[in-house]
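For reference, data_9.cif is printed below; it contains mmCIF, C-alpha atoms.
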data_run
loop_
_atom_site.label_atom_id
_atom_site.label_comp_id
_atom_site.auth_asym_id
_atom_site.auth_seq_id
_atom_site.Cartn_x
_atom_site.Cartn_y
_atom_site.Cartn_z
CA MET C 19 11.36 5.72 -6.03
CA ASN C 20 14.30 8.03 -6.59
CA THR C 21 16.39 9.53 -3.78
CA ASP C 22 14.31 12.71 -3.56
CA GLN C 23 11.09 10.72 -3.29
CA ILE C 24 12.56 8.51 -0.57
CA TRP C 25 13.58 11.53 1.50
CA GLN C 26 10.11 13.03 0.99
CA ALA C 27 8.60 9.81 2.30
CA VAL C 28 10.94 9.91 5.31
CA ASP C 29 9.96 13.51 6.07
CA ALA C 30 6.24 12.82 5.74
CA HIS C 31 6.48 9.83 8.06
CA ARG C 32 8.58 11.70 10.61
CA ALA C 33 5.94 14.43 10.69
CA GLY C 34 3.13 11.90 11.06
CA LEU C 35 4.92 10.10 13.86
CA CYS C 36 5.60 13.34 15.73
CA ASP C 37 1.91 14.22 15.55
CA LEU C 38 1.04 10.75 16.86
CA LEU C 39 3.56 11.01 19.71
CA ALA C 40 2.28 14.45 20.69
CA GLY C 41 -1.14 12.91 21.35
CA LEU C 42 0.04 10.11 23.65
CA GLY C 43 -0.63 9.98 27.36
CA ASP C 44 2.05 9.25 29.93
CA ASP C 45 0.94 5.63 30.28
CA GLU C 46 1.20 5.09 26.52
CA TRP C 47 4.81 6.26 26.51
CA ARG C 48 5.60 3.52 29.03
CA ARG C 49 3.83 0.76 27.09
CA SER C 50 5.73 -2.06 25.37
CA SER C 51 6.46 -1.58 21.67
CA LEU C 52 6.53 -4.30 19.01
CA CYS C 53 10.30 -4.40 19.40
CA ALA C 54 11.03 -6.97 22.10
CA ASP C 55 11.97 -5.42 25.48
CA TRP C 56 11.68 -1.85 24.19
CA THR C 57 9.09 0.64 25.43
CA VAL C 58 7.43 3.22 23.19
CA ARG C 59 9.58 5.88 24.85
CA GLU C 60 12.79 3.97 24.14
CA VAL C 61 11.90 3.48 20.47
CA ALA C 62 11.19 7.21 20.16
CA ALA C 63 14.53 7.97 21.84
CA HIS C 64 16.27 5.66 19.37
CA LEU C 65 14.78 7.68 16.51
CA THR C 66 16.53 10.81 17.80
CA LEU C 67 19.88 9.10 17.13
CA GLN C 68 19.67 8.68 13.35
CA GLN C 69 22.04 11.49 12.34
CA LEU C 70 25.12 10.80 14.45
CA GLY C 71 28.52 11.61 12.97
CA PRO C 72 31.74 9.59 13.40
CA GLY C 73 32.60 11.07 16.80
CA ALA C 74 29.17 10.48 18.26
CA VAL C 75 29.09 6.90 16.95
CA LEU C 76 32.46 6.29 18.58
CA GLY C 77 31.06 7.73 21.79
CA GLN C 78 28.27 5.17 21.64
CA MET C 79 30.77 2.36 21.21
CA LEU C 80 32.55 3.53 24.37
CA LYS C 81 29.35 2.49 26.17
CA TRP C 82 29.80 -1.04 24.81
CA ARG C 83 27.60 -3.69 26.41
CA GLY C 84 28.94 -6.84 24.71
CA SER C 85 27.06 -6.60 21.41
CA VAL C 86 25.82 -3.98 18.99
CA ASP C 87 22.18 -4.71 19.87
CA ARG C 88 22.70 -4.39 23.63
CA THR C 89 24.77 -1.25 23.18
CA VAL C 90 22.16 0.41 20.96
CA ALA C 91 19.48 -0.47 23.52
CA HIS C 92 21.57 0.90 26.38
CA VAL C 93 22.19 4.20 24.58
CA ALA C 94 18.50 4.58 23.72
CA ARG C 95 17.49 3.98 27.33
CA LEU C 96 19.98 6.55 28.56
CA ARG C 97 18.54 9.06 26.11
CA ALA C 98 14.96 8.14 26.99
CA SER C 99 15.75 8.92 30.63
CA ALA C 100 17.67 12.12 29.92
CA LEU C 101 15.11 13.87 27.67
CA THR C 102 11.59 14.96 28.41
CA THR C 103 8.72 13.80 26.24
CA GLU C 104 8.58 17.22 24.59
CA GLN C 105 12.31 17.14 23.88
CA LEU C 106 12.10 13.69 22.26
CA ILE C 107 9.33 14.85 19.94
CA ALA C 108 11.15 18.09 19.16
CA GLU C 109 14.36 16.26 18.27
CA ILE C 110 12.58 13.94 15.85
CA ARG C 111 10.68 16.86 14.34
CA ALA C 112 13.94 18.77 13.89
CA THR C 113 15.19 16.07 11.52
CA ILE C 114 12.39 16.80 9.02
CA GLY C 115 13.97 18.27 5.90
CA SER C 116 17.46 17.04 6.78
CA ARG C 117 19.28 14.56 4.59
CA ARG C 118 21.84 13.53 7.15
CA HIS C 119 22.11 9.89 8.14
CA ILE C 120 24.07 8.08 10.80
CA PHE C 121 27.75 7.42 10.11
CA GLY C 122 28.15 3.96 8.60
CA GLY C 123 24.59 3.85 7.27
CA THR C 124 22.66 5.20 4.29
CA TYR C 125 19.38 6.98 3.63
CA LEU C 126 17.82 3.55 3.00
CA GLU C 127 18.40 2.57 6.63
CA ILE C 128 16.78 5.86 7.66
CA LEU C 129 13.73 4.92 5.58
CA CYS C 130 13.57 1.43 7.11
CA ASP C 131 13.90 2.82 10.63
CA ILE C 132 11.15 5.40 10.41
CA LEU C 133 8.68 3.10 8.63
CA VAL C 134 9.18 0.11 10.93
CA HIS C 135 9.65 1.95 14.22
CA SER C 136 6.53 4.04 13.62
CA GLN C 137 4.59 0.77 13.54
CA ASP C 138 6.49 -0.53 16.59
CA ILE C 139 4.90 2.41 18.39
CA ALA C 140 1.51 2.73 16.70
CA ILE C 141 0.28 -0.87 16.50
CA PRO C 142 0.46 -1.87 20.20
CA LEU C 143 -1.21 1.43 21.12
CA GLY C 144 -4.08 0.83 18.71
CA ARG C 145 -3.07 3.92 16.76
CA ARG C 146 -2.90 4.16 12.97
CA LEU C 147 -0.08 5.59 10.90
CA ASP C 148 -0.32 4.39 7.32
CA VAL C 149 2.85 3.22 5.56
CA PRO C 150 2.99 4.04 1.83
CA ALA C 151 3.29 0.82 -0.18
CA ASP C 152 5.96 2.16 -2.54
CA ALA C 153 8.16 3.28 0.34
CA ALA C 154 7.62 -0.04 2.14
CA ALA C 155 8.72 -1.89 -1.01
CA VAL C 156 11.98 0.07 -1.15
CA ALA C 157 12.57 -0.60 2.55
CA ALA C 158 11.83 -4.33 2.19
CA ASP C 159 14.24 -4.63 -0.74
CA ARG C 160 16.92 -3.02 1.43
CA VAL C 161 16.17 -5.22 4.44
CA LEU C 162 16.30 -8.42 2.38
CA SER C 163 19.53 -7.49 0.55
CA MET C 164 21.41 -5.89 3.44
CA ARG C 165 24.95 -7.00 4.14
CA TRP C 166 26.08 -3.96 6.11
CA PRO C 167 24.83 -2.99 8.61
CA PRO C 168 24.39 -6.68 9.50
CA PRO C 169 20.96 -7.98 8.47
CA LEU C 170 18.27 -8.71 11.03
CA PRO C 171 18.03 -12.36 12.16
CA SER C 172 14.48 -12.42 10.78
CA VAL C 173 15.77 -11.98 7.21
CA LYS C 174 17.09 -15.55 7.17
CA LYS C 175 13.60 -16.76 8.08
CA MET C 176 12.25 -15.46 4.77
CA ALA C 177 14.35 -17.99 2.83
CA GLY C 178 12.38 -20.51 0.79
CA LEU C 179 9.21 -18.40 0.73
CA ARG C 180 7.74 -16.28 -2.03
CA LEU C 181 6.59 -12.93 -0.69
CA THR C 182 4.05 -11.09 -2.85
CA ALA C 183 2.39 -7.75 -2.18
CA THR C 184 -1.31 -7.42 -2.86
CA ASP C 185 -1.36 -3.62 -3.11
CA ILE C 186 1.71 -2.99 -5.29
CA SER C 187 3.70 -4.93 -7.88
CA TRP C 188 6.40 -6.50 -5.68
CA THR C 189 7.68 -10.02 -5.09
CA ALA C 190 10.73 -11.56 -3.47
CA GLY C 191 12.00 -15.11 -3.07
CA ASP C 192 10.73 -18.48 -4.23
CA GLY C 193 8.68 -21.17 -2.55
CA PRO C 194 5.31 -21.36 -0.79
CA ALA C 195 3.32 -18.15 -1.17
CA VAL C 196 3.00 -15.45 1.47
CA GLN C 197 0.75 -12.62 0.31
CA GLY C 198 -0.45 -9.41 1.89
CA PRO C 199 -0.16 -5.63 2.04
CA MET C 200 3.36 -4.34 1.39
CA ALA C 201 3.58 -2.71 4.81
CA ALA C 202 2.76 -6.04 6.49
CA LEU C 203 5.42 -7.84 4.43
CA LEU C 204 8.00 -5.25 5.50
CA LEU C 205 7.11 -5.80 9.13
CA VAL C 206 7.43 -9.59 8.98
CA CYS C 207 10.76 -9.23 7.17
CA CYS C 208 11.82 -7.27 10.25
CA GLY C 209 10.52 -9.95 12.61
CA ARG C 210 7.31 -8.22 13.71
CA THR C 211 4.74 -10.98 14.25
CA ALA C 212 1.88 -8.50 14.71
CA ALA C 213 1.57 -8.31 10.91
CA LEU C 214 1.09 -12.06 10.40
CA SER C 215 -2.70 -11.79 10.68
CA GLN C 216 -2.75 -9.66 7.51
CA LEU C 217 -1.08 -12.37 5.41
CA THR C 218 -2.47 -15.29 3.41
CA GLY C 219 -1.02 -18.13 1.34
CA ASP C 220 0.40 -21.61 1.67
CA GLY C 221 3.58 -20.33 3.32
CA VAL C 222 1.97 -18.41 6.17
CA GLY C 223 1.97 -21.38 8.53
CA GLU C 224 5.66 -21.98 7.98
CA LEU C 225 6.45 -18.29 8.40
CA THR C 226 4.41 -18.14 11.59
CA ALA C 227 6.38 -21.06 13.02
CA ARG C 228 9.66 -19.43 12.10
CA LEU C 229 8.64 -16.16 13.75
CA ALA C 230 7.15 -17.78 16.83
CA PRO C 231 7.32 -15.76 20.10
CA GLY C 232 10.85 -15.72 21.38
CA THR C 233 12.36 -15.91 17.89
CA ALA C 234 11.45 -12.46 16.51
CA ALA C 235 14.20 -9.90 16.15
CA GLY C 236 14.86 -7.90 19.32
CA ARG C 237 16.97 -5.36 17.49
CA PRO C 238 15.28 -1.98 17.10
#

Is it possible to express this structure as structure tokens?
Amino acid sequence: MNTDQIWQAVDAHRAGLCDLLAGLGDDEWRRSSLCADWTVREVAAHLTLQQLGPGAVLGQMLKWRGSVDRTVAHVARLRASALTTEQLIAEIRATIGSRRHIFGGTYLEILCDILVHSQDIAIPLGRRLDVPADAAAVAADRVLSMRWPPPLPSVKKMAGLRLTATDISWTAGDGPAVQGPMAALLLVCCGRTAALSQLTGDGVGELTARLAPGTAAGRP
């Protein structure tokens, strides 16, 4: 995918997520997401913070809570409390068509965020929001090769395994095989154990042990 195609995928997924969010009941907004210790509402609030400039990022750091992960969570919870449901949806929808990204990041992180966080919201609610395989492949390549921002802890757990998509031509790594839909492979690369049931191969048992409850990434 070229840059234009990636942004088109981001826009399409933002629109789909906004439509999904608009149909949620109050109880669903309070439900736990796939991201450990984050509610659906908090994940949605986090997605309104993907276009911050240098000053706004510095403002977040002034709310420091001892680590980047805890600080990001704190800021998202403040925003989740400050904005109404309608405002959260409107702010995400307002990013459609924009090519801005957060200071210190790139458009590839924006792609990863919207693809993975949409599933953090949809899957535990029993909702469906399909992830395009080609976009998921680009996101997985970025996740597995990331050096800055710091990679997710789950990335190290992919070492020594050969990941192979069954719906697109994509492979990564060497070792016992882990096969499945590209979207599921992206999710496990990001520590989401909910996708393990979609995978097959000799390496699935090892991967399952590595991503056992309590070891999956808590970062959004």

Inset, instruction - Check what the PyMOL selection byres ((chain C and resi 204) around 10) selects in the file above and give those residues as a VMD selection string. - result: chain C and resid 130 133 to 134 149 151 153 to 159 161 to 162 181 183 199 to 203 205 to 210 213

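Among C:Arg180, C:Arg59, C:Arg160, C:Lys81, the residue with the shortest atom-to-atom distance to Thr124 of chain C, counting all atoms listed in the file, is C:Arg160.
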
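The smallest atom-to-atom distance between Val93 of chain C and any of C:Lys174, C:Arg118, C:Arg111, C:His64, using all atoms listed in the file, is found for C:His64.
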
Please enumerate the residues selected by the PyMOL selection byres ((chain C and resi 50) around 12) when evaluated against the supplied file, formatted as an mmCIF file with C-alpha atoms, keeping the file's coordinate frame.
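Final output, saved to out09.cif:
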data_model
loop_
_atom_site.group_PDB
_atom_site.id
_atom_site.type_symbol
_atom_site.label_atom_id
_atom_site.label_comp_id
_atom_site.auth_asym_id
_atom_site.auth_seq_id
_atom_site.Cartn_x
_atom_site.Cartn_y
_atom_site.Cartn_z
ATOM 1 C CA ASP C 45 0.940 5.630 30.280
ATOM 2 C CA GLU C 46 1.200 5.090 26.520
ATOM 3 C CA TRP C 47 4.810 6.260 26.510
ATOM 4 C CA ARG C 48 5.600 3.520 29.030
ATOM 5 C CA ARG C 49 3.830 0.760 27.090
ATOM 6 C CA SER C 51 6.460 -1.580 21.670
ATOM 7 C CA LEU C 52 6.530 -4.300 19.010
ATOM 8 C CA CYS C 53 10.300 -4.400 19.400
ATOM 9 C CA ALA C 54 11.030 -6.970 22.100
ATOM 10 C CA ASP C 55 11.970 -5.420 25.480
ATOM 11 C CA TRP C 56 11.680 -1.850 24.190
ATOM 12 C CA THR C 57 9.090 0.640 25.430
ATOM 13 C CA VAL C 58 7.430 3.220 23.190
ATOM 14 C CA ARG C 59 9.580 5.880 24.850
ATOM 15 C CA GLU C 60 12.790 3.970 24.140
ATOM 16 C CA VAL C 61 11.900 3.480 20.470
ATOM 17 C CA ALA C 62 11.190 7.210 20.160
ATOM 18 C CA ASP C 138 6.490 -0.530 16.590
ATOM 19 C CA ILE C 139 4.900 2.410 18.390
ATOM 20 C CA ALA C 140 1.510 2.730 16.700
ATOM 21 C CA ILE C 141 0.280 -0.870 16.500
ATOM 22 C CA PRO C 142 0.460 -1.870 20.200
ATOM 23 C CA LEU C 143 -1.210 1.430 21.120
#

Inset, instruction - Can you turn the PyMOL selection byres ((chain C and resi 26-39) around 7) into a concrete residue list for this file, as a PyMOL selection string? - result: chain C and resi 22-25+40-42+107+110-111+114-115+129+132+136+153
